[in-house]
$ cat work-v8.txt   # compact mmCIF, C-alpha atoms
# COMPACT_ATOMS: atom_id res chain seq x y z
CA MET O 191 -31.52 -4.99 8.81
CA PRO O 192 -32.58 -2.25 6.38
CA GLU O 193 -36.10 -2.63 5.07
CA THR O 194 -34.88 -2.77 1.49
CA PHE O 195 -33.60 -6.33 2.12
CA SER O 196 -36.11 -8.96 3.02
CA GLN O 197 -35.00 -11.90 5.12
CA LEU O 198 -35.69 -14.16 2.16
CA THR O 199 -33.30 -12.15 -0.02
CA VAL O 200 -30.59 -12.34 2.62
CA LEU O 201 -31.07 -16.10 2.98
CA ALA O 202 -31.14 -16.64 -0.79
CA ILE O 203 -27.87 -14.73 -1.20
CA PHE O 204 -26.25 -16.65 1.66
CA TYR O 205 -27.34 -20.08 0.36
CA ALA O 206 -26.22 -19.27 -3.20
CA VAL O 207 -22.83 -17.99 -2.07
CA PHE O 208 -22.27 -20.83 0.40
CA LEU O 209 -23.20 -23.41 -2.26
CA GLY O 210 -20.62 -21.75 -4.49
CA GLN O 211 -18.02 -22.14 -1.75
CA ILE O 212 -18.83 -25.82 -1.26
CA PHE O 213 -18.55 -26.46 -4.99
CA LEU O 214 -15.41 -24.41 -5.55
CA LEU O 215 -13.32 -25.55 -2.58
CA SER O 216 -14.47 -29.15 -2.20
CA VAL O 217 -15.49 -30.23 -5.69
CA TYR O 218 -14.08 -28.05 -8.48
CA PHE O 219 -10.49 -27.36 -7.34
CA PRO O 220 -9.87 -30.78 -5.73
CA GLY O 221 -11.20 -32.35 -8.94
CA LYS O 222 -8.76 -30.28 -10.99
CA ILE O 223 -5.87 -31.23 -8.68
CA ILE O 224 -6.70 -34.93 -8.94
CA LYS O 225 -7.05 -34.70 -12.72
CA ARG O 226 -3.64 -33.03 -13.02
CA ALA O 227 -1.99 -35.56 -10.69
CA ARG O 228 -3.45 -38.51 -12.62
CA TYR O 229 -2.38 -36.94 -15.91
CA VAL O 230 1.19 -36.53 -14.66
CA LEU O 231 1.33 -40.10 -13.30
CA ALA O 232 0.00 -41.51 -16.58
CA ASN O 233 2.06 -39.43 -18.99
CA PHE O 234 5.28 -38.88 -17.06
CA PRO O 235 5.82 -42.17 -15.19
CA PRO O 236 8.65 -42.74 -12.69
CA GLU O 237 10.49 -45.07 -15.08
CA ASP O 238 11.00 -42.25 -17.57
CA TYR O 239 10.98 -39.24 -15.26
CA PRO O 240 12.71 -40.46 -12.07
CA ARG O 241 13.66 -36.98 -10.87
CA LEU O 242 10.00 -36.11 -10.48
CA TYR O 243 9.54 -38.90 -7.93
CA PRO O 244 12.18 -38.63 -5.19
CA THR O 245 10.23 -41.05 -2.98
CA TYR O 246 9.77 -43.69 -5.67
CA HIS O 247 9.67 -47.28 -4.47
CA PRO O 248 8.08 -50.52 -5.69
CA GLY O 249 4.33 -50.14 -5.35
CA PHE O 250 4.56 -46.37 -5.65
CA MET O 251 1.94 -46.09 -8.40
CA ALA O 252 -0.62 -48.13 -6.47
CA GLU O 253 0.04 -46.09 -3.34
CA ALA O 254 -0.27 -42.82 -5.28
CA SER O 255 -3.56 -43.93 -6.79
CA ARG O 256 -4.84 -44.95 -3.35
CA LYS O 257 -3.84 -41.59 -1.86
CA LEU O 258 -5.53 -39.70 -4.68
CA GLY O 259 -8.68 -41.75 -4.08
CA PHE O 260 -8.50 -40.91 -0.38
CA TYR O 261 -8.04 -37.22 -1.16
CA GLU O 262 -11.06 -37.36 -3.46
CA GLY O 263 -13.08 -39.11 -0.76
CA VAL O 264 -12.17 -36.63 1.97
CA ASN O 265 -13.18 -33.70 -0.22
CA ALA O 266 -16.44 -35.39 -1.19
CA ALA O 267 -17.16 -36.00 2.51
CA ILE O 268 -16.50 -32.34 3.32
CA ALA O 269 -18.80 -31.28 0.46
CA VAL O 270 -21.55 -33.60 1.71
CA PHE O 271 -21.07 -32.23 5.24
CA GLY O 272 -21.49 -28.69 3.86
CA LEU O 273 -24.65 -29.67 2.02
CA MET O 274 -25.96 -31.29 5.23
CA ILE O 275 -25.34 -28.02 7.10
CA LEU O 276 -27.27 -26.11 4.43
CA THR O 277 -30.10 -28.66 4.45
CA GLY O 278 -30.24 -28.51 8.24
CA MET O 279 -30.45 -24.73 8.10
CA LEU O 280 -33.27 -24.92 5.58
CA VAL O 281 -35.21 -27.55 7.52
CA LYS O 282 -34.79 -25.78 10.85
CA GLY O 283 -35.68 -22.40 9.33
CA TYR O 284 -32.39 -20.62 10.02
CA GLN O 285 -32.82 -16.92 10.73
CA PRO O 286 -29.80 -14.75 9.89
CA ASN O 287 -28.26 -12.94 12.82
CA MET O 288 -28.98 -9.24 12.34
CA LYS O 289 -25.88 -8.21 14.29
CA GLY O 290 -23.61 -10.46 12.24
CA GLY O 291 -21.24 -12.99 13.78
CA ASP O 292 -22.48 -16.01 11.81
CA GLU O 293 -19.51 -15.60 9.48
CA ILE O 294 -17.48 -17.48 12.07
CA PHE O 295 -19.27 -20.68 10.98
CA VAL O 296 -18.43 -19.93 7.35
CA LEU O 297 -14.78 -19.45 8.35
CA PHE O 298 -14.74 -22.68 10.37
CA TYR O 299 -16.17 -24.61 7.44
CA SER O 300 -13.60 -22.95 5.15
CA LEU O 301 -10.83 -24.13 7.45
CA LEU O 302 -12.21 -27.66 7.21
CA GLN O 303 -12.25 -27.35 3.41
CA ALA O 304 -8.69 -26.00 3.43
CA ILE O 305 -7.24 -28.98 5.36
CA PRO O 306 -6.87 -31.27 2.29
CA LEU O 307 -5.42 -28.36 0.27
CA ILE O 308 -2.94 -27.53 3.02
CA TYR O 309 -2.00 -31.23 3.12
CA VAL O 310 -1.30 -31.17 -0.63
CA GLU O 311 0.82 -28.01 -0.27
CA LEU O 312 2.85 -29.53 2.57
CA ARG O 313 3.42 -32.70 0.55
CA GLU O 314 4.57 -30.57 -2.35
CA PHE O 315 7.09 -28.74 -0.16
CA ARG O 316 8.32 -32.07 1.19
CA GLN O 317 8.72 -33.32 -2.37
CA PHE O 318 10.72 -30.21 -3.31
CA ARG O 319 12.93 -30.63 -0.24
CA LEU O 320 13.68 -34.22 -1.23
CA MET O 321 14.36 -33.15 -4.82
CA ARG O 322 16.79 -30.55 -3.57
CA SER O 323 18.57 -33.08 -1.36
CA THR O 324 19.18 -35.34 -4.36
CA TYR O 325 19.72 -32.56 -6.88
CA ALA O 326 22.30 -33.81 -9.35
CA ALA O 327 21.99 -31.69 -12.46
CA LYS O 328 25.47 -31.15 -13.79
CA VAL O 329 24.59 -28.31 -16.12
CA ARG O 330 22.78 -25.41 -14.47
CA LYS O 331 21.27 -22.61 -16.45
CA ALA O 332 20.32 -19.04 -15.72
CA ASP O 333 18.98 -16.09 -17.61
CA LEU O 334 21.42 -13.20 -17.94
CA ALA O 335 18.69 -10.60 -17.49
CA PRO O 336 17.58 -9.04 -14.22
CA ARG O 337 14.09 -9.74 -12.96
CA HIS O 338 11.90 -6.90 -11.80
CA LEU O 339 8.54 -6.98 -10.07
CA PHE O 340 6.83 -5.23 -12.96
CA ASP O 341 7.97 -7.91 -15.41
CA PHE O 342 5.38 -10.10 -13.77
CA ILE O 343 2.51 -7.81 -12.96
CA SER O 344 1.19 -4.48 -14.12
CA PRO O 345 2.30 -1.59 -11.85
CA LEU O 346 -1.38 -0.65 -11.73
CA TYR O 347 -2.22 -3.68 -9.55
CA VAL O 348 0.71 -3.06 -7.21
CA VAL O 349 -0.28 0.59 -6.81
CA LEU O 350 -3.88 -0.52 -6.30
CA ALA O 351 -2.81 -2.94 -3.56
CA VAL O 352 -0.82 -0.23 -1.76
CA VAL O 353 -3.58 2.38 -2.13
CA LEU O 354 -6.25 -0.05 -0.92
CA TYR O 355 -4.13 -0.99 2.08
CA GLY O 356 -3.79 2.73 2.86
CA LEU O 357 -7.52 3.26 2.40
CA TRP O 358 -8.36 0.33 4.66
CA LEU O 359 -5.92 1.62 7.29
CA THR O 360 -7.48 5.10 7.20
CA PHE O 361 -11.01 3.72 7.21
CA PHE O 362 -10.26 1.25 10.00
CA LEU O 363 -8.59 3.84 12.22
CA ASN O 364 -11.37 6.33 11.56
CA THR O 365 -14.16 3.89 12.39
CA ARG O 366 -12.46 1.99 15.23
CA GLY O 367 -9.47 4.09 16.32
CA PHE O 368 -7.27 3.70 19.36
CA ASP O 369 -10.02 4.89 21.73
CA ASP O 370 -12.10 1.83 20.83
CA PRO O 371 -13.28 -0.10 23.94
CA GLN O 372 -11.64 -3.20 22.44
CA VAL O 373 -8.35 -1.52 21.62
CA GLU O 374 -6.45 -4.84 21.82
CA GLU O 375 -8.52 -6.05 18.87
CA VAL O 376 -7.59 -2.89 16.94
CA TYR O 377 -3.88 -3.47 17.60
CA ALA O 378 -4.16 -7.16 16.74
CA THR O 379 -5.92 -6.41 13.43
CA LEU O 380 -3.34 -3.77 12.51
CA VAL O 381 -0.43 -6.08 13.29
CA LEU O 382 -2.05 -9.05 11.54
CA ILE O 383 -2.96 -7.28 8.30
CA THR O 384 0.26 -5.27 8.08
CA GLY O 385 2.29 -8.37 8.93
CA MET O 386 0.42 -10.35 6.30
CA ASN O 387 1.16 -7.77 3.61
CA LEU O 388 4.83 -7.66 4.64
CA ALA O 389 4.95 -11.47 4.54
CA TYR O 390 3.49 -11.37 1.01
CA ALA O 391 6.21 -8.90 -0.04
CA GLY O 392 8.90 -11.05 1.58
CA TRP O 393 7.64 -14.21 -0.09
CA ILE O 394 7.54 -12.49 -3.49
CA ALA O 395 11.17 -11.39 -3.01
CA ARG O 396 12.11 -14.94 -1.97
CA VAL O 397 10.48 -16.47 -5.04
CA MET O 398 11.92 -13.83 -7.40
CA TYR O 399 15.51 -13.90 -6.22
CA GLY O 400 15.97 -16.96 -4.03
CA LYS O 401 16.78 -20.55 -4.91
CA LYS O 402 14.19 -22.50 -6.84
CA PHE O 403 11.94 -24.75 -4.77
CA ASP O 404 12.06 -27.32 -7.55
CA PRO O 405 15.74 -27.38 -8.51
CA TYR O 406 15.10 -29.09 -11.84
CA LYS O 407 12.42 -26.69 -13.05
CA ALA O 408 13.18 -25.23 -16.48
CA GLN O 409 13.96 -21.52 -16.57
CA ALA O 410 10.81 -20.68 -18.59
CA ASP O 411 8.61 -22.60 -16.14
CA GLN O 412 10.32 -20.91 -13.21
CA ILE O 413 9.48 -17.51 -14.71
CA LYS O 414 5.83 -18.59 -15.03
CA GLN O 415 5.88 -19.81 -11.43
CA ILE O 416 7.18 -16.43 -10.26
CA GLY O 417 4.41 -14.72 -12.23
CA VAL O 418 1.80 -16.89 -10.54
CA THR O 419 3.17 -16.16 -7.08
CA VAL O 420 3.40 -12.42 -7.65
CA LYS O 421 -0.14 -12.21 -9.04
CA THR O 422 -1.54 -14.42 -6.28
CA PHE O 423 -0.10 -12.32 -3.47
CA VAL O 424 -0.87 -8.93 -5.01
CA PHE O 425 -4.47 -9.96 -5.73
CA SER O 426 -4.79 -11.47 -2.25
CA SER O 427 -3.61 -8.20 -0.76
CA ILE O 428 -6.17 -6.29 -2.85
CA GLY O 429 -8.83 -8.83 -1.85
CA ILE O 430 -8.15 -8.66 1.90
CA SER O 431 -8.23 -4.84 1.89
CA VAL O 432 -11.55 -4.77 -0.01
CA PHE O 433 -12.99 -7.52 2.18
CA LEU O 434 -12.01 -5.80 5.42
CA MET O 435 -13.41 -2.48 4.25
CA LEU O 436 -16.68 -4.13 3.26
CA MET O 437 -16.89 -5.90 6.63
CA GLN O 438 -16.14 -2.66 8.43
CA ALA O 439 -18.70 -0.81 6.31
CA ALA O 440 -21.25 -3.53 7.03
CA ASP O 441 -20.67 -3.02 10.78
CA GLN O 442 -20.80 0.75 10.42
CA TYR O 443 -23.95 0.94 8.32
CA ASN O 444 -25.85 -1.99 9.89
CA PHE O 445 -25.40 -4.46 7.05
CA GLU O 446 -23.81 -7.04 9.37
CA VAL O 447 -26.37 -9.54 8.20
CA PHE O 448 -24.29 -9.82 4.99
CA ASP O 449 -21.09 -10.70 6.85
CA PRO O 450 -21.38 -14.49 6.21
CA PRO O 451 -21.82 -14.24 2.41
CA LEU O 452 -19.06 -11.58 2.32
CA ALA O 453 -16.70 -13.89 4.19
CA SER O 454 -17.57 -16.75 1.86
CA LEU O 455 -17.08 -14.57 -1.23
CA TYR O 456 -13.68 -13.46 0.05
CA ILE O 457 -12.56 -17.07 0.52
CA GLN O 458 -13.74 -17.96 -2.99
CA PHE O 459 -11.98 -14.89 -4.37
CA CYS O 460 -8.72 -16.00 -2.73
CA MET O 461 -9.04 -19.49 -4.19
CA VAL O 462 -9.79 -18.28 -7.70
CA PHE O 463 -6.94 -15.79 -7.60
CA SER O 464 -4.41 -18.27 -6.22
CA LEU O 465 -5.09 -21.85 -7.26
CA GLY O 466 -7.19 -20.76 -10.23
CA ILE O 467 -4.46 -18.51 -11.64
CA ALA O 468 -1.77 -21.11 -10.91
CA MET O 469 -3.64 -23.81 -12.84
CA LYS O 470 -4.49 -21.51 -15.72
CA MET O 471 -0.98 -20.13 -16.11
CA GLN O 472 0.75 -23.47 -15.63
CA SER O 473 -0.94 -25.72 -18.13
CA LEU O 474 0.55 -29.22 -17.96
CA ASP O 475 1.02 -29.24 -21.74
CA ASP O 476 3.35 -26.26 -21.50
CA ILE O 477 5.54 -27.53 -18.66
CA ASP O 478 8.96 -28.89 -19.68
CA PHE O 479 8.97 -32.36 -18.12
CA ASP O 480 12.18 -33.38 -19.90
CA VAL O 481 14.19 -31.84 -17.06
CA TYR O 482 12.96 -34.70 -14.85
CA ARG O 483 14.45 -37.38 -17.07
CA GLU O 484 17.53 -39.06 -15.62
CA ASP O 485 19.87 -38.39 -18.51
CA LYS O 486 18.45 -35.44 -20.36
CA ALA O 487 18.09 -33.17 -17.37
CA SER O 488 21.75 -32.37 -17.14
CA LEU O 489 22.37 -32.02 -20.83
CA PRO O 490 22.19 -28.63 -22.51
CA LYS O 491 19.24 -28.36 -24.87
CA GLU O 492 19.99 -28.50 -28.55
CA ALA O 493 19.32 -25.28 -30.44
CA MET N 297 20.25 -14.80 -23.02
CA GLU N 298 20.93 -17.99 -21.11
CA ILE N 299 24.22 -19.04 -19.54
CA ALA N 300 25.13 -22.53 -18.38
CA ILE N 301 27.53 -23.74 -15.70
CA ASN N 302 28.81 -27.29 -15.61
CA ILE N 303 29.62 -28.46 -12.10
CA ASP N 304 31.68 -31.36 -13.45
CA ASP N 305 33.95 -29.02 -15.38
CA PRO N 306 37.43 -28.87 -13.81
CA ALA N 307 37.41 -25.06 -14.18
CA PRO N 308 36.23 -23.32 -10.99
CA LEU N 309 32.60 -22.14 -11.03
CA PHE N 310 33.50 -18.45 -10.74
CA ALA N 311 35.89 -18.80 -13.71
CA GLN N 312 33.15 -20.47 -15.77
CA LEU N 313 30.79 -17.65 -14.88
CA ILE N 314 33.36 -15.05 -15.97
CA GLU N 315 33.91 -16.88 -19.25
CA GLN N 316 30.17 -17.17 -19.89
CA ILE N 317 29.56 -13.47 -19.30
CA LYS N 318 32.57 -12.42 -21.39
CA GLY N 319 31.38 -14.82 -24.11
CA ALA N 320 27.92 -13.26 -24.05
CA VAL N 321 29.51 -9.80 -24.41
CA LEU N 322 31.77 -10.88 -27.30
CA GLU N 323 28.89 -12.61 -29.11
CA GLY N 324 26.81 -9.45 -28.73
CA LYS N 325 24.11 -11.21 -26.72
CA VAL N 326 24.47 -8.51 -24.08
CA GLY N 327 25.69 -5.04 -24.96
CA PRO N 328 27.19 -2.03 -23.19
CA GLY N 329 24.70 -0.57 -20.74
CA ASP N 330 22.56 -3.73 -20.51
CA ALA N 331 21.47 -4.63 -17.00
CA LEU N 332 22.71 -7.89 -15.49
CA PRO N 333 20.98 -9.97 -12.83
CA SER N 334 21.73 -9.32 -9.19
CA ILE N 335 24.19 -11.59 -7.39
CA ARG N 336 21.36 -13.10 -5.40
CA GLN N 337 19.24 -13.82 -8.46
CA LEU N 338 22.09 -15.45 -10.37
CA ALA N 339 23.18 -17.49 -7.35
CA GLY N 340 19.60 -18.66 -6.86
CA ASP N 341 19.09 -19.61 -10.50
CA LEU N 342 22.39 -21.49 -10.74
CA ASP N 343 22.00 -23.01 -7.27
CA MET N 344 25.41 -21.64 -6.34
CA ASN N 345 26.79 -19.89 -3.30
CA SER N 346 26.28 -16.14 -3.66
CA LYS N 347 29.93 -15.62 -2.64
CA THR N 348 31.00 -17.46 -5.83
CA VAL N 349 28.86 -15.17 -7.99
CA ALA N 350 30.09 -12.12 -6.04
CA LYS N 351 33.69 -13.17 -6.72
CA ALA N 352 33.00 -13.51 -10.45
CA TYR N 353 31.30 -10.09 -10.51
CA ARG N 354 34.17 -8.54 -8.56
CA LEU N 355 36.74 -9.84 -11.06
CA LEU N 356 34.60 -8.77 -14.02
CA GLU N 357 34.32 -5.32 -12.50
CA ARG N 358 38.08 -5.20 -12.00
CA ASP N 359 38.50 -6.05 -15.71
CA SER N 360 35.97 -3.30 -16.62
CA VAL N 361 33.63 -5.80 -18.24
CA ILE N 362 30.81 -4.88 -15.91
CA GLN N 363 30.15 -1.96 -13.57
CA THR N 364 28.04 -1.67 -10.46
CA ARG N 365 25.96 1.49 -10.14
CA GLY N 366 24.96 1.35 -6.49
CA TYR N 367 21.36 0.40 -5.79
CA ARG N 368 20.51 0.60 -9.52
CA GLY N 369 22.29 -2.68 -10.14
CA THR N 370 25.02 -4.12 -12.31
CA PHE N 371 25.46 -3.22 -15.97
CA VAL N 372 27.68 -4.17 -18.90
CA HIS N 373 30.60 -1.72 -19.09
CA ALA N 374 30.83 0.69 -22.03
CA ASP N 375 34.23 -0.84 -23.02
CA ALA N 376 33.18 -4.39 -22.22
CA VAL N 377 33.73 -5.76 -25.74
CA ALA N 378 37.37 -4.65 -25.84
CA ASN N 379 37.99 -5.59 -22.22
CA SER N 380 36.49 -9.07 -22.60
CA THR N 381 39.35 -10.09 -24.86
CA VAL N 382 41.91 -9.22 -22.18
CA ASP N 383 42.62 -12.29 -20.07
CA LEU N 384 44.47 -11.20 -16.96
CA GLY N 385 44.67 -14.78 -15.75
CA ALA N 386 46.49 -15.86 -18.93
CA TRP N 387 48.82 -12.84 -18.68
CA VAL N 388 49.70 -13.74 -15.05
CA SER N 389 50.36 -17.35 -16.07
CA SER N 390 52.65 -16.42 -18.95
CA THR N 391 54.54 -13.84 -16.85
CA PHE N 392 55.03 -16.37 -14.05
CA SER N 393 56.12 -18.98 -16.53
CA GLU N 394 58.89 -16.72 -17.89
CA THR N 395 59.96 -15.63 -14.41
CA ILE N 396 60.13 -19.18 -13.06
CA LYS N 397 62.13 -20.25 -16.11
CA THR N 398 64.65 -17.45 -15.40
CA PHE N 399 64.91 -18.49 -11.72
CA ARG N 400 65.47 -22.14 -12.62
CA ASN N 401 68.12 -21.24 -15.20
CA ALA N 402 69.90 -19.34 -12.40
CA GLY N 403 69.80 -22.52 -10.27
CA VAL N 404 67.06 -21.48 -7.83
CA THR N 405 65.17 -24.51 -6.48
CA ASP N 406 61.36 -24.84 -6.63
CA SER N 407 61.24 -24.78 -2.83
CA GLU N 408 63.14 -21.49 -2.75
CA ILE N 409 60.80 -20.04 -5.39
CA ARG N 410 57.72 -21.07 -3.35
CA ILE N 411 59.13 -19.67 -0.09
CA ALA N 412 60.13 -16.41 -1.75
CA PHE N 413 56.73 -16.12 -3.46
CA THR N 414 54.88 -16.71 -0.18
CA ASN N 415 57.08 -14.21 1.68
CA VAL N 416 56.54 -11.51 -0.96
CA MET N 417 52.79 -12.13 -1.00
CA ASN N 418 52.57 -12.02 2.81
CA LYS N 419 54.68 -8.87 2.98
CA GLN N 420 52.53 -7.10 0.37
CA ASN N 421 49.32 -8.23 2.05
CA ASN N 422 50.58 -6.89 5.39
CA GLU N 423 51.57 -3.61 3.82
CA GLY N 424 48.17 -3.40 2.16
CA ALA N 425 46.43 -4.05 5.46

$ encode --input "work-v8.txt" --output "structure tokens"
Amino acid sequence: MPETFSQLTVLAIFYAVFLGQIFLLSVYFPGKIIKRARYVLANFPPEDYPRLYPTYHPGFMAEASRKLGFYEGVNAAIAVFGLMILTGMLVKGYQPNMKGGDEIFVLFYSLLQAIPLIYVELREFRQFRLMRSTYAAKVRKADLAPRHLFDFISPLYVVLAVVLYGLWLTFFLNTRGFDDPQVEEVYATLVLITGMNLAYAGWIARVMYGKKFDPYKAQADQIKQIGVTVKTFVFSSIGISVFLMLMQAADQYNFEVFDPPLASLYIQFCMVFSLGIAMKMQSLDDIDFDVYREDKASLPKEA
Amino acid sequence: MEIAINIDDPAPLFAQLIEQIKGAVLEGKVGPGDALPSIRQLAGDLDMNSKTVAKAYRLLERDSVIQTRGYRGTFVHADAVANSTVDLGAWVSSTFSETIKTFRNAGVTDSEIRIAFTNVMNKQNNEGA
């Protein structure tokens, strides 16, 4: 570790960043999700908005409330577990690994934190699938204007994402290269990161031009949803390129001791630029819930 | 500019789409040179089969209401306003109506008309192929 950074500084940065991760992923965002879900259940009940609840059955509200409570509990338990890890590290006098590698524990904990979020996403997809299977809107609307990528995001960010990917590729191949002793790892990283960027591009195309996941969603809300997806993936691509270059630079210039806080910061960045943007751009007050009413959904809106 | 398709309407979906686009042109909501959504986008938004949208676009292009400019996309034709008033379907119906009336007056049976029509269509299709 360079002399300019004392061990105390490194530890202070790590603890601060890791605390941020615990708060963001297990307290702040789950809290927001629960608040939104409770708001929807209270203000747009199944009796008035049946199309929003394809799995509605007697006792649905009680079951939903119980599941939300469980979700809250699981996240709280994960947050407490994270705090216990931090406390344990403090008590036992954790010494950061100079050669890096401790970021694996940060990533494992992140995976644990992501489980409830992944569960919510899967449930959402299931809900959309059920909505599609019972889709009965008689009047279907579409905008008679073509959609282009740059309607949703500034070209600057797209160019930045492509340039940063190119920079990372150049930097990675220059520092590691194909004569690296662990050449399999080089190939795997190249395939993984390139594949991930291609998957982002494919998903953006799917969301822009494919069928709506939620068949009832109003056209204006669908446009917002596309904007969220485009921004999320472009920013994620920018984030992963920057993160990988920083990690590579840390290895190159013996700053590996900062790998764990860097990994944690990257995960927080991804959350803020995905879920954070989605929640900010899709305020519940602005969403057209009338499309989920039994009768009104299929009727054309009055001018 | 929003268009709406009613799946309960007895008119076929592609015909409704044609009418909606022609209506938008006549009302000035889209003008000559304006870009139109891709087939895939429109099919996705209306939750329709892309073949249905492609059929509507093909017929609109035949009527010179829209034009496809390769990879650049589909645009409203320069003469779209004038061409949107021409209804080829109505012209075919009225021509057939007169022709069938003439056949019946000459004593030709409906069955003979159908057989002759099918034969002529098949022959022309074969010649075209």

$ interface_residues --input "work-v8.txt" --of "chain O" --to "chain N" --cutoff "8 Å" --atoms "only C-alpha atoms" --output "list in words"
Lys328, Val329, Arg330, Lys331, Ala332, Asp333, Leu334, Ala335, Pro336, Arg337, Met398, Tyr399, Gly400, Lys401, Lys402, Pro405 and Pro490 of chain O

$ residues_around --input "work-v8.txt" --residues "segment 410-423 of chain N" --least-positions-apart "4" --cutoff "12 Å" --atoms "all atoms listed in the file" --output "list in words"
Phe392, Thr395, Ile396, Phe399, Val404, Thr405 and Asp406 of chain N

$ atom_distance --input "work-v8.txt" --atom1 "atom CA of Glu293 of chain O" --atom2 "atom CA of Phe204 of chain O"
10.4 Å

$ atom_distance --input "work-v8.txt" --atom1 "atom CA of Glu446 of chain O" --atom2 "atom CA of Gly291 of chain O"
7.8 Å

$ residues_around --input "work-v8.txt" --residues "Gln211 of chain O" --least-positions-apart "3" --cutoff "9 Å" --atoms "all atoms listed in the file" --output "ChimeraX atom specification"
/O:206-208,214-216,300,454-455,457-458

$ residues_around --input "work-v8.txt" --residues "segment 266-281 of chain O" --least-positions-apart "5" --cutoff "9 Å" --atoms "only C-alpha atoms" --output "ChimeraX atom specification"
/O:205,208-209,212-213,215-217,261,299,302-303

$ residues_around --input "work-v8.txt" --residues "Ser426 of chain O" --least-positions-apart "6" --cutoff "12 Å" --atoms "all atoms listed in the file" --output "JSON, numbers by chain"
{"O": [347, 348, 350, 351, 352, 354, 355, 383, 386, 387, 389, 390, 391, 418, 419, 420, 432, 433, 434, 456, 457, 458, 459, 460, 461, 462, 463, 464, 465, 467]}

$ residues_around --input "work-v8.txt" --residues "Asp476 of chain O" --least-positions-apart "3" --cutoff "12 Å" --atoms "all atoms listed in the file" --output "ChimeraX atom specification"
/O:408,410-411,414,469-473,479-480

$ atom_distance --input "work-v8.txt" --atom1 "atom CA of Phe234 of chain O" --atom2 "atom CA of Lys222 of chain O"
17.5 Å

$ closest_residue --input "work-v8.txt" --among "O:Gly210, O:Ala439, O:Ile203, O:Gly385" --to "Phe361 of chain O" --atoms "only C-alpha atoms"
O:Ala439

$ axis_aligned_box --input "work-v8.txt" --around "segment 382-386 of chain N" --padding-each-side "6 Å" --output "JSON"
{"center_x": 44.2, "center_y": -12.5, "center_z": -19.0, "size_x": 16.6, "size_y": 18.6, "size_z": 18.4}

$ decode --input "work-v8.txt" --residues "segment 388-400 of chain N" --atoms "N, CA and C atoms" --output "PDB file, in the first residue's frame"
ATOM      1  N   VAL N 388     -63.176  -1.776 -56.461  1.00  0.00           N
ATOM      2  CA  VAL N 388     -63.274  -3.201 -56.821  1.00  0.00           C
ATOM      3  C   VAL N 388     -64.693  -3.693 -56.544  1.00  0.00           C
ATOM      4  N   SER N 389     -65.238  -3.313 -55.387  1.00  0.00           N
ATOM      5  CA  SER N 389     -66.592  -3.763 -55.028  1.00  0.00           C
ATOM      6  C   SER N 389     -67.627  -3.267 -56.026  1.00  0.00           C
ATOM      7  N   SER N 390     -67.528  -1.997 -56.397  1.00  0.00           N
ATOM      8  CA  SER N 390     -68.551  -1.456 -57.312  1.00  0.00           C
ATOM      9  C   SER N 390     -68.404  -2.073 -58.717  1.00  0.00           C
ATOM     10  N   THR N 391     -67.144  -2.293 -59.146  1.00  0.00           N
ATOM     11  CA  THR N 391     -66.933  -2.902 -60.461  1.00  0.00           C
ATOM     12  C   THR N 391     -67.483  -4.325 -60.489  1.00  0.00           C
ATOM     13  N   PHE N 392     -67.188  -5.070 -59.408  1.00  0.00           N
ATOM     14  CA  PHE N 392     -67.703  -6.452 -59.318  1.00  0.00           C
ATOM     15  C   PHE N 392     -69.226  -6.456 -59.311  1.00  0.00           C
ATOM     16  N   SER N 393     -69.786  -5.527 -58.580  1.00  0.00           N
ATOM     17  CA  SER N 393     -71.229  -5.454 -58.448  1.00  0.00           C
ATOM     18  C   SER N 393     -71.889  -5.305 -59.832  1.00  0.00           C
ATOM     19  N   GLU N 394     -71.342  -4.386 -60.632  1.00  0.00           N
ATOM     20  CA  GLU N 394     -71.869  -4.152 -61.985  1.00  0.00           C
ATOM     21  C   GLU N 394     -71.687  -5.398 -62.858  1.00  0.00           C
ATOM     22  N   THR N 395     -70.495  -5.997 -62.763  1.00  0.00           N
ATOM     23  CA  THR N 395     -70.186  -7.162 -63.598  1.00  0.00           C
ATOM     24  C   THR N 395     -71.115  -8.331 -63.252  1.00  0.00           C
ATOM     25  N   ILE N 396     -71.285  -8.564 -61.955  1.00  0.00           N
ATOM     26  CA  ILE N 396     -72.123  -9.688 -61.519  1.00  0.00           C
ATOM     27  C   ILE N 396     -73.574  -9.462 -61.969  1.00  0.00           C
ATOM     28  N   LYS N 397     -74.002  -8.197 -61.879  1.00  0.00           N
ATOM     29  CA  LYS N 397     -75.364  -7.867 -62.320  1.00  0.00           C
ATOM     30  C   LYS N 397     -75.530  -8.227 -63.812  1.00  0.00           C
ATOM     31  N   THR N 398     -74.522  -7.875 -64.607  1.00  0.00           N
ATOM     32  CA  THR N 398     -74.563  -8.164 -66.053  1.00  0.00           C
ATOM     33  C   THR N 398     -74.641  -9.674 -66.291  1.00  0.00           C
ATOM     34  N   PHE N 399     -73.795 -10.431 -65.549  1.00  0.00           N
ATOM     35  CA  PHE N 399     -73.796 -11.899 -65.695  1.00  0.00           C
ATOM     36  C   PHE N 399     -75.164 -12.473 -65.365  1.00  0.00           C
ATOM     37  N   ARG N 400     -75.732 -12.017 -64.233  1.00  0.00           N
ATOM     38  CA  ARG N 400     -77.026 -12.552 -63.800  1.00  0.00           C
ATOM     39  C   ARG N 400     -78.124 -12.231 -64.818  1.00  0.00           C
TER      40      ARG N 400
END
